[in-house]
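Following: one structure in structure tokens, then a few remarks.
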Amino acid sequence: MFLKSLTQFAPGRLSGLLAALGFATAALLAPKAEAQTDYGEIALRVAELLEDEHYLRQPFDDSMSERLLDIYIEYLDYSRVYFTQEDVDRFYNEYRTTLDDAIRNRDIGAAYDIYGVYKERVRSRVALMKDLLAKKDEFHFDSDREVEITRKDSPWPADAEASDALWHDLIEGELLQETLRREAAARAEREEKGEKKEIRPLKKDGDEAKDSEADATPEPDASAGGDKEESDAPKVAKNEADTEEKEAKEKEETPREIITKRYDRVLESVNGNDAEDVAVMFIKSLSRAYDPHSEYFSQSQYDNFRIQMNKSLEGIGAMLQSEEDGTASIQGLVVGGPAHKGGDLQVMDRIVGVGQGEEGEIQDTIDMKLNDVVDLIRGEKGSIVRLKVIPVDSHDGAQTSIISIVRDKVDLKDSLASAELIITRDEAGNPLKLGWINLMSFYSDMDGGKTSTTADVQRLLNRLVDEGMQGLVVDLRDNGGGSLEEAINMTGLFIPRGPVVQSRDWRGQVDYKVSLNRDAVWGGPMAVLTNRSSASASEIFAAALQDYNRALIIGEKSTFGKGTVQQLRPVQTSRLLLPFRAGGVQNGALKLTIQTFFRIDGTSTQLHGVIPHVHLPSTNDVLDIGEAALTHPLLVEPIDPQPYELVNPDPFPVEALQTRADARMAKSREFQYINEDIKEAEKRIEENVVSINRSVREKEAADLEAKREARKEERIERFAKVREQEKDLFTVYALTQDNVHKKDLVLRDDISLEESSGMMMGSKNKEEDPEAKALQYPHGFDPYKRETINILEDFIAAQVSGKPLTSAGKAPAQAKN
């Protein structure tokens, strides 16, 4: 909802790979002339690289200046709630056609000017918010007014007066939302304690339900507390327990306090952006003026990008997060990493200082940017870092300890390729072994090491083949891409040597890439599961297997639609640039688009994506997702196809497979829910408003909660029946990069979260919620995974039998899941 997203797009400081967004109190200082010229030098070099090497070969001229201004303003105020039309008119009058000239003169003063206005507008809106919330009788929630869910295409408020009116409605809407949310939480707590009928609260989907749930009760922060409700409660001894409960309620934040704190954090974030942060935002906007996938990385961002691709780093192996008290808390430890093996650092310890070597001075890190804390902790393999921490068991925060850790290489296992061996029975009751490979990205080692998606997948594939696999699914849902070479090489695991993808550069010169394997590792029945977030390298892989008629593509209406190729270029400058960093060598990197890629049949996935053979409906089908929804995507025309031979000369029985899937989904309660949600999403997108009338919202919330409750109870009952009916239907083994070569298979349910993710997140110290367990999908198969298994079974039956697959036929019992 837009009311929640007001704070979402305020740009905070730029975080590292192992860091969540952090806030500090330091205000943005006007950059000195020398620093401004330095950042201008970076901007100039980026502009020159874009002119000389980007696919468009577009001069950095007045038209690109206007694009840059558009993107920078949107970057700062995506929802159009801080700037006014007067502000925007002034920016365009001064900068629309002059930014190109200024950057050629190494001048990015416009970035600081616009950001300064933005910072002042945020400050004034936060001040207005506090004034409005201080007036207890300001909001009555009884009007017929509405606020927009998204304002990305709405006009800017004309002036300060129009902005005040807009924010009055926005804050009223946000206050109503928080009031209803608080009342819903209080009601759920009472029901859980048995003060009303016993209803088990839905934990898994609870947050979504609470967003709209409401009850016709007085505003919580307008009275002293829970005395009124207490009269309806069972009469029990009112001693120490009641006193503690009352104190807890008094300490609970009111809706007004929650909103105030939320926007205080926004203001802290905006004030905390320093000259480098503003310059990086501006230069990123410059690169994106050419296309949405060209991007400037500061040096620290570039280092993090390499870590993501390499799946390794040199440091201590800890995941950090900024806390409101200015410390950096330990959110997780990489299993087998230096910190984990040392045994002294614990999850939820808070870092307050970092020292280098055995005797280096401990540098205070309270209120330091999380990126900078991460940079202090990382270092060369074999070197020592000392952390000053407040232990998790410190009651008052006064106790600290010093922990020495020897840095080492840390392997990030949480997103490496993994697999499942699913043993089941076909419709005739015959044993059936299916492989399922999960792949989150096409990673590779940018430094020439051994990290390779293709090698990892091949290890899994070999084991699945050894276990007698009869059909395979490669799950590319939410796989945003990665290494082009890895996508090409991995395609070679499933086809004989041949062309995989074509590319065209700015000159129109066409090249093609081939798989190098002489023979496929797996030549049996195969499907690829995609969704709207499967992009880039994922699309190359899926498109090639579709063109070769090698694999059945299953998924949402299309993939993302990214058909461009990027390369990294170092941004070299001639003198000292960013503070505390030696210059003269490299100051970040530019990822810029150099080619467009094409399928071997000559068409492009750009904008269109990969259309599946068998479509599974999803709410993503109606959302604004994909390349076409981005700013300034490239347009491409088809080219000539490459000669290639189909792996399977006979066409797949696509129509029959879709018809059989449709028949199952029509009977599937889960897909009935999905289709209901699609219709509701379409209506919500078309209307794009939410009422700020309490009665209206309460009715909407009551209807929504009734629907959620009905779904919840239906699922609990149905899932229990399915588990009983299918208790012997599926056996699922888990394969990871750690256990793939071990003799004995391990059941998926016997693999701990730490073993599967490689990250120790600490003990929850809570019993598993029985209702949440009851609401888990049977066998751990979500509706899309379950139906994909059904489709693969049909596909295998058709390929093995060699007989036409009838459109009709008995749907398997498990399709009702």
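Ligands are numbered from 1 in the order shown, chains are lettered A, B, ... in the order of the structure tokens, and residues start at 1 in each chain.
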Subject >> All residues 12 Å or closer to stretch 671-685 of chain A, only C-alpha atoms, same chain fewer than 6 positions away omitted, as an MDAnalysis selection string >> reply: chainID A and resid 1:2 148:151 616:624 661:665 704 707:708 710:712 714:715 782:784 786:787 815:817
Subject >> Spatial neighbours of stretch 502-510 of chain A, 10 Å, only C-alpha atoms, chain gap at least 6 places, as number ranges by chain >> reply: A: 53-57, 540, 563-565, 593-604, 639-642
Original post:
Which residues in stretch 403-634 of chain A does DSSP call helix (DSSP H, G or I)? List them as a PyMOL selection string.
Top reply: chain A and resi 453-466+484-491+537-547+619-622+627-629
Original post:
atom CA of A:Asp375 and atom CA of A:Glu41 are how many Å apart?
Top reply: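 So the answer is 24.1 Å.
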**OP:** Give the strand (DSSP E) residues of stretch 308-510 of chain A, as assigned by DSSP on the backbone, as a ChimeraX atom specification.
**Re:** /A:312-315,318-322,328-334,350-356,363-364,384-390,401-406,408-411,418-425,431-438,471-475,498-504,510
**OP:** Determine the nearest neighbour of A:Thr365 from the options A:Pro653, A:Gly379, A:Gly326, A:Gly336, counting only C-alpha atoms.
**Re:**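 Checking each candidate against A:Thr365, we get A:Gly326 as the closest.
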Original post:
Could you name the residues that touch A:Met64 at 9 Å or less, counting only C-alpha atoms, but leaving out those on the same chain fewer than 5 positions away, as a list of chain:residue names?
Top reply: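 Those residues are A:Gln58, A:Pro59, A:Leu69, A:Thr97, A:Leu99, A:Asp100, A:Leu286, A:Ala289, A:Tyr290.
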Print the selection's residues with C-alpha atoms to a file, as a PDB file, in the first residue's frame.
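Output contents, as saved in result_24.pdb:
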ATOM      1  CA  GLN A  58      24.642   8.102 -27.909  1.00  0.00           C
ATOM      2  CA  PRO A  59      26.435  11.422 -27.381  1.00  0.00           C
ATOM      3  CA  LEU A  69      17.403  14.988 -14.555  1.00  0.00           C
ATOM      4  CA  THR A  97      19.715  21.009 -20.971  1.00  0.00           C
ATOM      5  CA  LEU A  99      23.790  18.980 -16.964  1.00  0.00           C
ATOM      6  CA  ASP A 100      25.813  17.643 -19.890  1.00  0.00           C
ATOM      7  CA  LEU A 286      23.633   9.342 -15.249  1.00  0.00           C
ATOM      8  CA  ALA A 289      19.900   7.526 -18.550  1.00  0.00           C
ATOM      9  CA  TYR A 290      21.346   5.254 -21.243  1.00  0.00           C
TER      10      TYR A 290
END
Original post:
Near A:Leu464, within 12 Å and counting only C-alpha atoms, which residues show up once chain neighbours fewer than 2 positions away are dropped, as a ChimeraX atom specification?
Top reply: /A:418-423,433-437,457-462,466-473,521-522,524,733-736,740-741,745
Subject >> Interatomic distance (Å, one decimal) between atom CA of A:Asn517 and atom CA of A:Ile495 >> reply: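 These two atoms are separated by 8.0 Å.
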Subject >> Neighbour list for A:Arg477 as a list of chain:residue names, cut-off 6 Å, only C-alpha atoms, skip fewer than 6 positions in-chain >> reply: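 Listed by chain and then number, they are A:Thr530, A:Asn531, A:Ser534.
Distance-wise, atom CA of A:Arg532 and atom CA of A:Thr559 end up 4.4 Å apart.
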Original post:
Which residue out of A:Leu376, A:Leu568, A:Gly173, A:Val278 has the minimum interatomic distance to A:Tyr302 when only C-alpha atoms are used?
Top reply: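 Between A:Leu376, A:Leu568, A:Gly173, A:Val278, the residue approaching A:Tyr302 most closely is A:Leu568.
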**OP:** Using only C-alpha atoms, find the one residue out of A:Asp344, A:Asp101, A:Glu717, A:Asp445 that sits nearest to A:Ser401.
**Re:**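 For A:Ser401, the nearest of the given residues is A:Asp344.
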